[in-house]
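Each remark here refers to the structure printed beneath this line.
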Amino acid sequence: MASNPAVQQAISPEEWALRQDLAACYRLFVKYGWTDLIFTHLSARVPGQPDQYLINPFGLLFQEITASNLIKVDFSGRVIAGDYPYNDAGHAIHSAVLKARPDINVALHSHTRAGTAVAAMECGLLPLSQQANEIGNLVCYHRYDLATDNEAECARLGEDLADKWAMLMNNHGLLSVGRDLAEAFYLLYTLESACKIQVDVMASGAKHITPSREAIAAVEQHSLIGKAGADDPDSYLQTNWQALIRMLDREDPSFRE
């Protein structure tokens, strides 16, 4: 699929590659049913510009997002490149997370039905599935408040994330972070799956089984999230991401434009 030459020529090859990956992630949200009309947002730090990030233009559906129409914003809220505004809550959440965690480059936020349901449960994420057990030690929680233009709330968001890699935002939704799209997407996919399973188990009314602490610890050891080697081309995170990109290229490669 042809790209937008005017946009591509104005940026580095590294940023263009990142734009294509981020646009692909927006299309994956559509495919997996994680969208919420024109709301929610995904971001990626601009290579070589630690205080700037790429995010979706506010007003476009995720299926309309392409590499060239992503907007570039700095932490102060100034649009560096792009023809659209940003979502205020999106800027508040993503700038807070990227500021708080210089070791991460991607943040993904969703308002899915199952994710929000578990985020509204006092018990939080339970160890009811292999998915939950793989990432349970990576998850933190954040008390509900309005994020838009609320500096105290944004600061607390960064504090609550601390050194974790996923967040259940109480009564709100899910958040995952990563050093790249492969890591952040796999984590959100796994967390969303764990939430769906938990909702199903609890809705069934059946008495559930809780694995032993030893079994849960053994599963946790297999996760590469946040660990050295996760960015190795041969890691399962990277292999999984490339498989997803091939799927999008077969079905609709317009995200690359």
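Residues are referred to by chain and number: the chain letter is A, B, ... according to the order shown in the structure tokens, the number counts from 1 in that chain, and ligands are numbered separately from 1 in the order shown.
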Mind checking DSSP for region 7-124 of chain A and telling me the strand (DSSP E or B) residues as a ChimeraX atom specification? /A:36,39,42-46,49-55,71-74,79-81,106-110
Restricted to C-alpha atoms, what would the selected residues look like written as a short mmCIF file (atom, residue, chain, number, x, y, z; two decimals), in the first residue's frame?
```cif
data_model
loop_
_atom_site.label_atom_id
_atom_site.label_comp_id
_atom_site.auth_asym_id
_atom_site.auth_seq_id
_atom_site.Cartn_x
_atom_site.Cartn_y
_atom_site.Cartn_z
CA ASP A 36 -15.46 3.08 22.07
CA PHE A 39 -12.98 7.78 22.35
CA LEU A 42 -3.17 4.80 22.16
CA SER A 43 0.17 6.57 22.19
CA ALA A 44 3.83 6.01 21.34
CA ARG A 45 6.83 8.14 22.26
CA VAL A 46 8.55 9.74 19.25
CA GLN A 49 12.13 13.07 21.22
CA PRO A 50 11.37 11.81 24.74
CA ASP A 51 8.92 14.63 25.49
CA GLN A 52 6.81 14.11 22.34
CA TYR A 53 4.36 11.38 21.46
CA LEU A 54 2.05 10.21 18.67
CA ILE A 55 -1.68 9.79 19.29
CA ILE A 71 -0.73 13.70 15.36
CA LYS A 72 2.46 14.56 17.23
CA VAL A 73 2.07 16.31 20.59
CA ASP A 74 4.53 17.45 23.24
CA VAL A 79 0.49 19.92 18.56
CA ILE A 80 3.84 19.60 16.76
CA ALA A 81 2.49 17.96 13.60
CA VAL A 106 3.86 2.95 24.46
CA ALA A 107 0.60 3.30 26.39
CA LEU A 108 -2.71 1.70 25.39
CA HIS A 109 -6.06 2.58 27.00
CA SER A 110 -9.40 0.81 26.56
#
```
Please identify the helix (DSSP H, G or I) residues within region 27-257 of chain A (assignment by DSSP from backbone atoms) and present them as an MDAnalysis selection string. chainID A and resid 27:31 62:64 88:100 113:119 130:138 151:161 181:204 213:220 236:251 253:256
Looking at only C-alpha atoms, which of A:Arg78, A:Lys31, A:Lys227, A:His91 is the one that sits closest to Met247 (chain A)?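 Among the listed residues, A:Lys31 lies closest to Met247 (chain A).
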With only C-alpha atoms as the basis for distance, which of A:Ala92, A:Gln63, A:Arg27, A:Phe255 is at the shortest distance from Gly77 (chain A)?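 Nearest candidate to Gly77 (chain A) out of A:Ala92, A:Gln63, A:Arg27, A:Phe255: A:Ala92.
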Residues near Tyr32 (chain A), anyone? I mean within 12 Å using only C-alpha atoms, not counting same-chain ones fewer than 4 positions away, as JSON, numbers by chain. {"A": [25, 26, 27, 28, 36, 62, 63, 110, 112, 185, 188, 189, 192, 193, 244]}
Could you write out that same residue set with N, CA and C atoms as a CSV table (one decimal), in the first residue's frame?
```csv
chain,number,residue,atom,x,y,z
A,25,CYS,N,-1.9,-0.9,15.4
A,25,CYS,CA,-2.5,-1.2,16.7
A,25,CYS,C,-4.0,-0.6,16.8
A,26,TYR,N,-4.2,0.6,16.3
A,26,TYR,CA,-5.5,1.1,16.2
A,26,TYR,C,-6.5,0.2,15.4
A,27,ARG,N,-6.0,-0.3,14.3
A,27,ARG,CA,-6.8,-1.3,13.5
A,27,ARG,C,-7.0,-2.6,14.3
A,28,LEU,N,-6.1,-3.0,15.1
A,28,LEU,CA,-6.3,-4.2,15.9
A,28,LEU,C,-7.3,-4.0,16.9
A,36,ASP,N,-14.4,2.4,21.4
A,36,ASP,CA,-15.5,3.1,22.1
A,36,ASP,C,-15.8,4.4,21.3
A,62,PHE,N,-11.3,4.6,14.9
A,62,PHE,CA,-10.0,3.9,14.8
A,62,PHE,C,-9.8,3.2,13.5
A,63,GLN,N,-10.8,2.9,12.8
A,63,GLN,CA,-10.6,2.3,11.4
A,63,GLN,C,-10.2,3.3,10.4
A,110,SER,N,-8.1,1.3,27.1
A,110,SER,CA,-9.4,0.8,26.6
A,110,SER,C,-10.5,1.0,27.6
A,112,THR,N,-13.3,-1.4,27.4
A,112,THR,CA,-14.0,-2.5,27.1
A,112,THR,C,-15.0,-2.9,28.2
A,185,PHE,N,0.8,-4.4,23.4
A,185,PHE,CA,-0.4,-5.0,22.9
A,185,PHE,C,-0.6,-6.4,23.5
A,188,LEU,N,-2.1,-6.1,26.9
A,188,LEU,CA,-3.5,-5.7,27.0
A,188,LEU,C,-4.4,-6.8,26.5
A,189,TYR,N,-3.9,-7.5,25.5
A,189,TYR,CA,-4.7,-8.7,25.0
A,189,TYR,C,-4.9,-9.7,26.1
A,192,GLU,N,-7.2,-8.3,28.9
A,192,GLU,CA,-8.6,-8.3,28.4
A,192,GLU,C,-9.1,-9.8,28.4
A,193,SER,N,-8.4,-10.7,28.0
A,193,SER,CA,-8.8,-12.1,28.0
A,193,SER,C,-9.1,-12.6,29.4
A,244,LEU,N,0.5,-10.6,13.6
A,244,LEU,CA,-0.6,-9.7,13.6
A,244,LEU,C,-0.5,-8.7,12.4
```
In terms of only C-alpha atoms, the residue from A:Pro233, A:Gly33, A:Gly205, A:Gly124 at minimal distance from Met167 (chain A) is A:Gly124
Just the number, please: distance in Å from CA of Ile209 (chain A) to CA of Ala132 (chain A), one decimal. 13.2 Å
